file run.pdb (PDB, C-alpha atoms and all ligand atoms)
ATOM      1  CA  MET H   1    -103.809 -34.436 -64.415
ATOM      2  CA  ALA H   2    -100.431 -33.279 -65.802
ATOM      3  CA  LEU H   3     -96.700 -33.719 -65.476
ATOM      4  CA  ILE H   4     -94.320 -30.827 -66.052
ATOM      5  CA  ALA H   5     -90.535 -31.013 -66.420
ATOM      6  CA  HIS H   6     -88.553 -27.917 -65.451
ATOM      7  CA  ILE H   7     -84.891 -27.565 -66.438
ATOM      8  CA  SER H   8     -82.698 -24.501 -66.193
ATOM      9  CA  ASP H   9     -79.243 -23.001 -66.514
ATOM     10  CA  LEU H  10     -77.514 -25.331 -68.982
ATOM     11  CA  HIS H  11     -74.663 -22.799 -69.397
ATOM     12  CA  LEU H  12     -73.484 -24.316 -72.650
ATOM     13  CA  GLY H  13     -70.150 -22.728 -73.544
ATOM     14  CA  SER H  14     -68.946 -22.531 -69.949
ATOM     15  CA  LEU H  15     -65.911 -24.572 -68.909
ATOM     16  CA  THR H  16     -68.180 -26.062 -66.262
ATOM     17  CA  PHE H  17     -70.733 -27.340 -68.819
ATOM     18  CA  GLN H  18     -71.136 -31.124 -68.703
ATOM     19  CA  GLU H  19     -72.572 -32.597 -71.891
ATOM     20  CA  ASP H  20     -73.288 -35.971 -70.285
ATOM     21  CA  LEU H  21     -75.569 -34.304 -67.724
ATOM     22  CA  ILE H  22     -77.845 -32.569 -70.231
ATOM     23  CA  LYS H  23     -78.021 -35.744 -72.315
ATOM     24  CA  LYS H  24     -78.938 -37.749 -69.207
ATOM     25  CA  ALA H  25     -81.611 -35.238 -68.190
ATOM     26  CA  VAL H  26     -83.157 -35.173 -71.673
ATOM     27  CA  ASN H  27     -83.201 -38.953 -71.707
ATOM     28  CA  GLU H  28     -84.900 -39.087 -68.290
ATOM     29  CA  ILE H  29     -87.455 -36.490 -69.353
ATOM     30  CA  ASN H  30     -88.310 -38.433 -72.509
ATOM     31  CA  MET H  31     -88.706 -41.616 -70.459
ATOM     32  CA  MET H  32     -91.177 -39.818 -68.156
ATOM     33  CA  GLY H  33     -93.108 -38.263 -71.039
ATOM     34  CA  PRO H  34     -94.220 -34.973 -69.440
ATOM     35  CA  ASP H  35     -97.016 -32.899 -70.929
ATOM     36  CA  VAL H  36     -94.644 -29.968 -71.291
ATOM     37  CA  THR H  37     -90.982 -29.160 -70.616
ATOM     38  CA  ILE H  38     -90.105 -25.652 -69.478
ATOM     39  CA  VAL H  39     -86.570 -24.246 -69.724
ATOM     40  CA  THR H  40     -85.961 -21.133 -67.631
ATOM     41  CA  GLY H  41     -82.927 -19.613 -69.294
ATOM     42  CA  ASP H  42     -79.155 -19.368 -69.191
ATOM     43  CA  ILE H  43     -79.066 -22.042 -71.839
ATOM     44  CA  THR H  44     -75.771 -20.484 -73.006
ATOM     45  CA  GLU H  45     -72.835 -18.964 -71.147
ATOM     46  CA  ASN H  46     -72.146 -15.973 -73.407
ATOM     47  CA  GLY H  47     -75.124 -15.595 -75.724
ATOM     48  CA  TYR H  48     -73.013 -16.556 -78.747
ATOM     49  CA  TYR H  49     -74.808 -17.763 -81.857
ATOM     50  CA  MET H  50     -72.868 -21.029 -81.935
ATOM     51  CA  GLU H  51     -73.725 -21.706 -78.290
ATOM     52  CA  PHE H  52     -77.428 -21.301 -79.097
ATOM     53  CA  GLU H  53     -77.081 -23.660 -82.053
ATOM     54  CA  LYS H  54     -75.472 -26.329 -79.875
ATOM     55  CA  ALA H  55     -77.987 -25.832 -77.052
ATOM     56  CA  ALA H  56     -80.847 -26.129 -79.545
ATOM     57  CA  ARG H  57     -79.531 -29.537 -80.623
ATOM     58  CA  TYR H  58     -79.993 -30.863 -77.082
ATOM     59  CA  LEU H  59     -83.360 -29.185 -76.580
ATOM     60  CA  ASP H  60     -84.625 -30.475 -79.934
ATOM     61  CA  GLU H  61     -84.206 -33.990 -78.554
ATOM     62  CA  ILE H  62     -86.982 -33.341 -76.013
ATOM     63  CA  ASP H  63     -90.147 -35.051 -77.216
ATOM     64  CA  SER H  64     -92.719 -33.022 -75.270
ATOM     65  CA  PRO H  65     -93.964 -29.526 -76.138
ATOM     66  CA  LEU H  66     -91.284 -27.056 -75.055
ATOM     67  CA  LEU H  67     -91.240 -23.491 -73.799
ATOM     68  CA  VAL H  68     -87.878 -21.724 -73.406
ATOM     69  CA  VAL H  69     -87.257 -18.254 -71.964
ATOM     70  CA  PRO H  70     -83.881 -16.460 -71.972
ATOM     71  CA  GLY H  71     -81.603 -15.823 -68.998
ATOM     72  CA  ASN H  72     -79.141 -13.017 -68.323
ATOM     73  CA  HIS H  73     -76.293 -15.040 -69.862
ATOM     74  CA  ASP H  74     -78.344 -15.509 -73.051
ATOM     75  CA  ALA H  75     -78.777 -11.730 -73.289
ATOM     76  CA  ARG H  76     -75.037 -11.052 -73.476
ATOM     77  CA  HIS H  77     -73.334 -10.010 -76.731
ATOM     78  CA  VAL H  78     -76.626  -9.309 -78.556
ATOM     79  CA  GLY H  79     -77.663 -12.828 -77.609
ATOM     80  CA  ASP H  80     -81.298 -11.738 -77.441
ATOM     81  CA  GLU H  81     -81.281 -11.564 -81.262
ATOM     82  CA  CYS H  82     -79.649 -14.990 -81.550
ATOM     83  CA  PHE H  83     -82.166 -16.421 -79.081
ATOM     84  CA  GLY H  84     -85.034 -15.156 -81.244
ATOM     85  CA  GLU H  85     -83.460 -16.618 -84.373
ATOM     86  CA  VAL H  86     -82.311 -20.007 -83.100
ATOM     87  CA  ILE H  87     -84.636 -20.835 -80.203
ATOM     88  CA  LYS H  88     -87.948 -18.977 -80.577
ATOM     89  CA  ASN H  89     -89.768 -15.960 -79.222
ATOM     90  CA  ARG H  90     -88.257 -14.520 -76.028
ATOM     91  CA  PHE H  91     -91.725 -14.435 -74.472
ATOM     92  CA  GLY H  92     -95.060 -15.978 -75.361
ATOM     93  CA  ALA H  93     -97.818 -18.279 -74.199
ATOM     94  CA  LEU H  94     -98.327 -21.971 -74.736
ATOM     95  CA  ASP H  95    -101.870 -23.336 -74.492
ATOM     96  CA  LEU H  96    -102.086 -27.019 -73.637
ATOM     97  CA  LYS H  97    -105.834 -27.344 -73.405
ATOM     98  CA  ASP H  98    -105.778 -31.151 -73.603
ATOM     99  CA  CYS H  99    -104.192 -31.251 -70.150
ATOM    100  CA  GLY H 100    -105.764 -28.009 -68.893
ATOM    101  CA  ILE H 101    -102.554 -25.979 -68.715
ATOM    102  CA  LYS H 102    -101.416 -22.588 -69.912
ATOM    103  CA  VAL H 103     -97.749 -21.591 -69.751
ATOM    104  CA  ILE H 104     -96.894 -17.896 -69.899
ATOM    105  CA  GLY H 105     -93.215 -17.316 -70.684
ATOM    106  CA  LEU H 106     -91.634 -13.958 -69.808
ATOM    107  CA  ASP H 107     -88.330 -12.444 -70.899
ATOM    108  CA  SER H 108     -86.890 -10.940 -67.696
ATOM    109  CA  THR H 109     -83.510 -10.052 -69.199
ATOM    110  CA  GLU H 110     -81.881  -6.756 -70.107
ATOM    111  CA  PRO H 111     -79.012  -6.819 -72.655
ATOM    112  CA  ASP H 112     -75.609  -7.282 -70.993
ATOM    113  CA  LEU H 113     -76.990  -6.871 -67.468
ATOM    114  CA  ASP H 114     -77.365  -9.545 -64.806
ATOM    115  CA  TYR H 115     -80.358  -8.093 -63.056
ATOM    116  CA  GLY H 116     -83.930  -8.856 -64.093
ATOM    117  CA  LYS H 117     -86.949  -6.782 -65.056
ATOM    118  CA  VAL H 118     -90.277  -7.714 -66.631
ATOM    119  CA  GLY H 119     -91.275  -4.177 -67.620
ATOM    120  CA  ARG H 120     -94.671  -2.553 -67.989
ATOM    121  CA  ALA H 121     -95.604  -3.784 -71.481
ATOM    122  CA  GLN H 122     -94.887  -7.425 -70.697
ATOM    123  CA  HIS H 123     -96.470  -7.008 -67.266
ATOM    124  CA  ASN H 124     -99.752  -5.868 -68.846
ATOM    125  CA  TRP H 125     -99.605  -8.722 -71.339
ATOM    126  CA  MET H 126     -99.067 -11.221 -68.493
ATOM    127  CA  VAL H 127    -102.112  -9.850 -66.633
ATOM    128  CA  MET H 128    -104.277 -10.285 -69.747
ATOM    129  CA  GLU H 129    -103.019 -13.827 -70.353
ATOM    130  CA  LEU H 130    -103.697 -14.783 -66.716
ATOM    131  CA  LEU H 131    -107.221 -13.406 -67.027
ATOM    132  CA  LYS H 132    -107.900 -15.370 -70.215
ATOM    133  CA  ALA H 133    -106.559 -18.562 -68.637
ATOM    134  CA  GLN H 134    -108.707 -18.006 -65.544
ATOM    135  CA  GLU H 135    -111.816 -17.675 -67.735
ATOM    136  CA  GLU H 136    -110.888 -20.943 -69.430
ATOM    137  CA  ASN H 137    -110.300 -22.625 -66.047
ATOM    138  CA  LEU H 138    -106.710 -23.546 -66.970
ATOM    139  CA  PHE H 139    -103.829 -24.325 -64.591
ATOM    140  CA  LYS H 140    -101.649 -21.231 -64.921
ATOM    141  CA  ILE H 141     -97.860 -21.487 -65.066
ATOM    142  CA  ILE H 142     -95.529 -18.515 -65.448
ATOM    143  CA  ALA H 143     -91.915 -19.107 -66.506
ATOM    144  CA  LEU H 144     -89.135 -16.528 -66.245
ATOM    145  CA  HIS H 145     -85.421 -16.683 -65.552
ATOM    146  CA  HIS H 146     -85.051 -14.353 -62.567
ATOM    147  CA  HIS H 147     -86.482 -15.121 -59.151
ATOM    148  CA  ILE H 148     -89.156 -12.869 -57.682
ATOM    149  CA  ILE H 149     -88.715 -13.832 -54.058
ATOM    150  CA  PRO H 150     -85.140 -14.116 -52.682
ATOM    151  CA  VAL H 151     -83.860 -17.690 -52.540
ATOM    152  CA  PRO H 152     -82.253 -18.979 -49.311
ATOM    153  CA  ARG H 153     -78.585 -20.036 -49.238
ATOM    154  CA  THR H 154     -77.618 -17.906 -52.230
ATOM    155  CA  GLY H 155     -75.591 -15.226 -50.498
ATOM    156  CA  ARG H 156     -76.075 -11.526 -50.985
ATOM    157  CA  GLU H 157     -79.293 -10.686 -52.840
ATOM    158  CA  ARG H 158     -78.702  -8.574 -55.942
ATOM    159  CA  ASN H 159     -80.634  -9.990 -58.905
ATOM    160  CA  VAL H 160     -84.245 -10.200 -57.797
ATOM    161  CA  LEU H 161     -86.523  -8.544 -60.403
ATOM    162  CA  SER H 162     -86.307  -4.770 -60.150
ATOM    163  CA  ASP H 163     -90.111  -4.662 -60.531
ATOM    164  CA  ALA H 164     -90.635  -7.704 -58.274
ATOM    165  CA  GLY H 165     -93.301  -6.107 -56.053
ATOM    166  CA  ASP H 166     -95.652  -5.213 -58.895
ATOM    167  CA  ILE H 167     -95.122  -8.508 -60.723
ATOM    168  CA  LEU H 168     -95.631 -10.533 -57.540
ATOM    169  CA  GLN H 169     -98.876  -8.690 -56.789
ATOM    170  CA  SER H 170    -100.230  -9.348 -60.298
ATOM    171  CA  MET H 171     -99.278 -13.031 -60.163
ATOM    172  CA  ILE H 172    -101.114 -13.441 -56.851
ATOM    173  CA  ASP H 173    -104.117 -11.367 -57.996
ATOM    174  CA  GLY H 174    -104.235 -13.318 -61.274
ATOM    175  CA  ASN H 175    -104.318 -16.652 -59.405
ATOM    176  CA  ALA H 176    -101.149 -17.994 -61.018
ATOM    177  CA  ASN H 177    -100.753 -21.571 -59.809
ATOM    178  CA  LEU H 178     -97.052 -22.044 -60.391
ATOM    179  CA  VAL H 179     -94.147 -19.678 -61.131
ATOM    180  CA  LEU H 180     -90.945 -21.303 -62.406
ATOM    181  CA  SER H 181     -87.526 -19.630 -62.350
ATOM    182  CA  GLY H 182     -83.817 -20.438 -62.464
ATOM    183  CA  HIS H 183     -80.798 -18.131 -62.201
ATOM    184  CA  LYS H 184     -79.563 -18.880 -58.681
ATOM    185  CA  HIS H 185     -78.791 -22.551 -59.326
ATOM    186  CA  MET H 186     -80.494 -23.379 -56.045
ATOM    187  CA  PRO H 187     -83.665 -25.500 -55.991
ATOM    188  CA  HIS H 188     -86.257 -24.057 -53.660
ATOM    189  CA  VAL H 189     -89.998 -23.559 -53.335
ATOM    190  CA  TRP H 190     -91.913 -20.716 -51.724
ATOM    191  CA  MET H 191     -95.684 -20.767 -51.361
ATOM    192  CA  MET H 192     -97.475 -17.438 -51.201
ATOM    193  CA  GLU H 193    -101.286 -17.331 -51.021
ATOM    194  CA  LYS H 194    -102.121 -20.126 -53.513
ATOM    195  CA  THR H 195     -99.144 -19.642 -55.823
ATOM    196  CA  ALA H 196     -96.050 -21.865 -55.654
ATOM    197  CA  PHE H 197     -92.751 -20.225 -56.660
ATOM    198  CA  ALA H 198     -90.286 -22.966 -57.634
ATOM    199  CA  THR H 199     -86.681 -22.386 -58.665
ATOM    200  CA  ALA H 200     -84.678 -25.116 -60.371
ATOM    201  CA  GLY H 201     -80.977 -25.857 -59.964
ATOM    202  CA  THR H 202     -78.546 -25.991 -62.866
ATOM    203  CA  VAL H 203     -79.137 -29.072 -65.000
ATOM    204  CA  SER H 204     -75.720 -29.354 -66.607
ATOM    205  CA  SER H 205     -73.123 -26.969 -65.209
ATOM    206  CA  LEU H 206     -70.836 -27.250 -62.220
ATOM    207  CA  LYS H 207     -71.596 -23.684 -61.149
ATOM    208  CA  LEU H 208     -72.836 -24.933 -57.807
ATOM    209  CA  ARG H 209     -73.192 -23.451 -54.341
ATOM    210  CA  GLY H 210     -71.848 -25.327 -51.335
ATOM    211  CA  ARG H 211     -72.619 -29.020 -51.531
ATOM    212  CA  THR H 212     -75.529 -28.726 -53.956
ATOM    213  CA  PHE H 213     -75.613 -30.887 -57.076
ATOM    214  CA  THR H 214     -76.896 -30.651 -60.638
ATOM    215  CA  SER H 215     -80.599 -31.361 -60.952
ATOM    216  CA  PHE H 216     -83.913 -30.542 -62.547
ATOM    217  CA  ASN H 217     -87.470 -30.505 -61.210
ATOM    218  CA  THR H 218     -90.694 -32.195 -62.140
ATOM    219  CA  ILE H 219     -94.109 -31.021 -61.036
ATOM    220  CA  ASN H 220     -97.021 -33.377 -60.756
ATOM    221  CA  VAL H 221    -100.364 -31.593 -60.973
ATOM    222  CA  THR H 222    -103.496 -33.395 -59.824
ATOM    223  CA  GLU H 223    -106.988 -32.278 -58.872
ATOM    224  CA  GLU H 224    -105.870 -32.339 -55.228
ATOM    225  CA  GLY H 225    -102.760 -30.171 -55.561
ATOM    226  CA  ILE H 226     -99.160 -30.198 -56.726
ATOM    227  CA  GLU H 227     -95.992 -32.050 -55.840
ATOM    228  CA  ILE H 228     -92.599 -30.642 -56.812
ATOM    229  CA  VAL H 229     -89.830 -33.233 -57.075
ATOM    230  CA  LEU H 230     -86.101 -32.582 -57.313
ATOM    231  CA  ARG H 231     -84.303 -35.049 -59.580
ATOM    232  CA  GLY H 232     -80.575 -35.105 -58.931
ATOM    233  CA  ALA H 233     -77.936 -36.200 -61.392
ATOM    234  CA  ASP H 234     -77.271 -39.050 -58.932
ATOM    235  CA  GLY H 235     -80.616 -40.515 -59.995
ATOM    236  CA  LYS H 236     -82.255 -39.865 -56.616
ATOM    237  CA  LYS H 237     -85.644 -38.186 -56.250
ATOM    238  CA  ARG H 238     -86.421 -35.835 -53.373
ATOM    239  CA  CYS H 239     -89.761 -34.177 -52.653
ATOM    240  CA  LEU H 240     -89.163 -30.418 -52.600
ATOM    241  CA  ALA H 241     -92.722 -29.446 -51.714
ATOM    242  CA  LYS H 242     -96.267 -30.753 -51.721
ATOM    243  CA  TYR H 243     -99.343 -28.560 -51.538
ATOM    244  CA  GLU H 244    -103.017 -29.338 -51.506
ATOM    245  CA  ASN H 245    -105.839 -27.180 -52.837
ATOM    246  CA  THR H 246    -103.668 -25.071 -55.107
ATOM    247  CA  CYS H 247    -105.453 -25.836 -58.337
ATOM    248  CA  ARG H 248    -107.458 -23.317 -60.346
TER     249      ARG H 248
HETATM  250 FE    FE H 301     -77.290 -19.438 -64.475
HETATM  251 FE    FE H 302     -78.826 -16.300 -64.631
END
call {"tool": "encode", "arguments": {"input": "run.pdb", "output": "C-alpha cells", "more": "lines below"}}
Ligand SMILES: [Fe+2]
Ligand SMILES: [Fe+2]
result
Amino acid sequence: MALIAHISDLHLGSLTFQEDLIKKAVNEINMMGPDVTIVTGDITENGYYMEFEKAARYLDEIDSPLLVVPGNHDARHVGDECFGEVIKNRFGALDLKDCGIKVIGLDSTEPDLDYGKVGRAQHNWMVMELLKAQEENLFKIIALHHHIIPVPRTGRERNVLSDAGDILQSMIDGNANLVLSGHKHMPHVWMMEKTAFATAGTVSSLKLRGRTFTSFNTINVTEEGIEIVLRGADGKKRCLAKYENTCR
C-alpha cells in the first residue's frame, strides 16, 4: 500500500557529522522511491542559519514528498525562527490521499532546552487532525522529535515528553497507526494497543551509543499490517518489527 522512509538526527554542524552518510542515505531513499520521507529533527547541531541552509541542500535532493519537524538542537540559538524560514512550518499535516496516508508533524521543542513538550494548543490540534483522518479512513502517522515511551539502552531517562501521558492517551484514543521519533539515536519499536512507536537512529552523525551504527528506517504498510526495517550504513537490512492488523 505505501512505503515510508524515516530519517533523523543529521546533526549537521557537529564534528561528528559525516557528509558521505547523508548523501548515501538520500541516494538509497531515492532508489527506493518511498511515498513520503519523514525527518524527525536535530537536522542541525546548533540551530545556526547556515547549518539549516546546508541541511536543506541535502534534504532538497530527496525526490519524495517530505515532512520535517525540528529537534532540540534545531531550537538552540533562536533556531526555531531559522527552521521556519529555511525548512518550513515547525508543525503541520501532510495529506497523501493517493496512498491513503496522513502525516501529522508536531514541534516538541522548547527554545534552548533539551526536554520535549507538545503543549495544549498543539495537542488539541493533533486530536482534531487524527479525527479528520479517521473519518477519511487514512493511515495515521504522527512525527515528532522526542520519544513518548522511554527507549531501552539509552541510559538515564530525562528527555521523554513532559506531557507524555496525555499525548500518549490521545494518540491511542485517536487510533494513530504509527508514531515516529528520533532524539535518542537508538532504533527501537514499541507497540501499544494498535499503535507502533518507532524511533530512528542517527542517519549521519557518529553520536552513537555502545556498538550501534548510523542508520535510518523504512516502513512498509500493507493491508495486512506494517513492517519496520532498519537500514544500516553498512548496507544491511534488519527487520525491527512486524505487526499484523494494525491498519486503520
Ligand atoms: Fe540528536
Ligand atoms: Fe535531540
call {"tool": "residues_near_point", "arguments": {"input": "run.pdb", "point": "(-71.5, -18.5, -72.4)", "cutoff": "9 Å", "atoms": "all atoms listed in the file", "output": "short mmCIF file (atom, residue, chain, number, x, y, z; two decimals) with C-alpha atoms, keeping the file's coordinate frame"}}
result
data_model
loop_
_atom_site.label_atom_id
_atom_site.label_comp_id
_atom_site.auth_asym_id
_atom_site.auth_seq_id
_atom_site.Cartn_x
_atom_site.Cartn_y
_atom_site.Cartn_z
CA HIS H 11 -74.66 -22.80 -69.40
CA LEU H 12 -73.48 -24.32 -72.65
CA GLY H 13 -70.15 -22.73 -73.54
CA SER H 14 -68.95 -22.53 -69.95
CA LEU H 15 -65.91 -24.57 -68.91
CA ASP H 42 -79.16 -19.37 -69.19
CA ILE H 43 -79.07 -22.04 -71.84
CA THR H 44 -75.77 -20.48 -73.01
CA GLU H 45 -72.83 -18.96 -71.15
CA ASN H 46 -72.15 -15.97 -73.41
CA GLY H 47 -75.12 -15.60 -75.72
CA TYR H 48 -73.01 -16.56 -78.75
CA GLU H 51 -73.72 -21.71 -78.29
CA HIS H 73 -76.29 -15.04 -69.86
CA ASP H 74 -78.34 -15.51 -73.05
CA ARG H 76 -75.04 -11.05 -73.48
#
call {"tool": "closest_residue", "arguments": {"input": "run.pdb", "among": "H:Gly116, H:Gly105, H:Pro34, H:Gly79", "to": "ligand FE 302 (chain H)", "atoms": "only C-alpha atoms and all ligand atoms"}}
result
H:Gly116
call {"tool": "resolve_selection", "arguments": {"input": "run.pdb", "expression": "the PyMOL selection byres (((not hetatm)) within 7 of (chain H and resi 301))", "output": "PyMOL selection string"}}
result
chain H and resi 9+11+42+182-185+202
call {"tool": "write_last_selection", "arguments": {"input": "run.pdb", "atoms": "C-alpha atoms", "output": "PDB file, in the frame of the given file"}}
result
ATOM      1  CA  ASP H   9     -79.243 -23.001 -66.514  1.00  0.00           C
ATOM      2  CA  HIS H  11     -74.663 -22.799 -69.397  1.00  0.00           C
ATOM      3  CA  ASP H  42     -79.155 -19.368 -69.191  1.00  0.00           C
ATOM      4  CA  GLY H 182     -83.817 -20.438 -62.464  1.00  0.00           C
ATOM      5  CA  HIS H 183     -80.798 -18.131 -62.201  1.00  0.00           C
ATOM      6  CA  LYS H 184     -79.563 -18.880 -58.681  1.00  0.00           C
ATOM      7  CA  HIS H 185     -78.791 -22.551 -59.326  1.00  0.00           C
ATOM      8  CA  THR H 202     -78.546 -25.991 -62.866  1.00  0.00           C
TER       9      THR H 202
END
call {"tool": "resolve_selection", "arguments": {"input": "run.pdb", "expression": "the PyMOL selection byres (((chain H and resi 66-69) around 10) and not hetatm)", "output": "MDAnalysis selection string"}}
result
chainID H and resid 5:8 35:43 59:60 62:65 70:71 74 83 87:94 103:109 143:145 181
call {"tool": "axis_aligned_box", "arguments": {"input": "run.pdb", "around": "region 110-122 of chain H", "padding_each_side": "5 Å", "output": "JSON"}}
result
{"center_x": -85.6, "center_y": -6.0, "center_z": -67.9, "size_x": 30.0, "size_y": 17.0, "size_z": 19.6}
call {"tool": "closest_residue", "arguments": {"input": "run.pdb", "among": "H:Gly225, H:Gly201, H:Gly155, H:Gly33", "to": "ligand FE 302 (chain H)", "atoms": "all atoms listed in the file"}}
result
H:Gly201
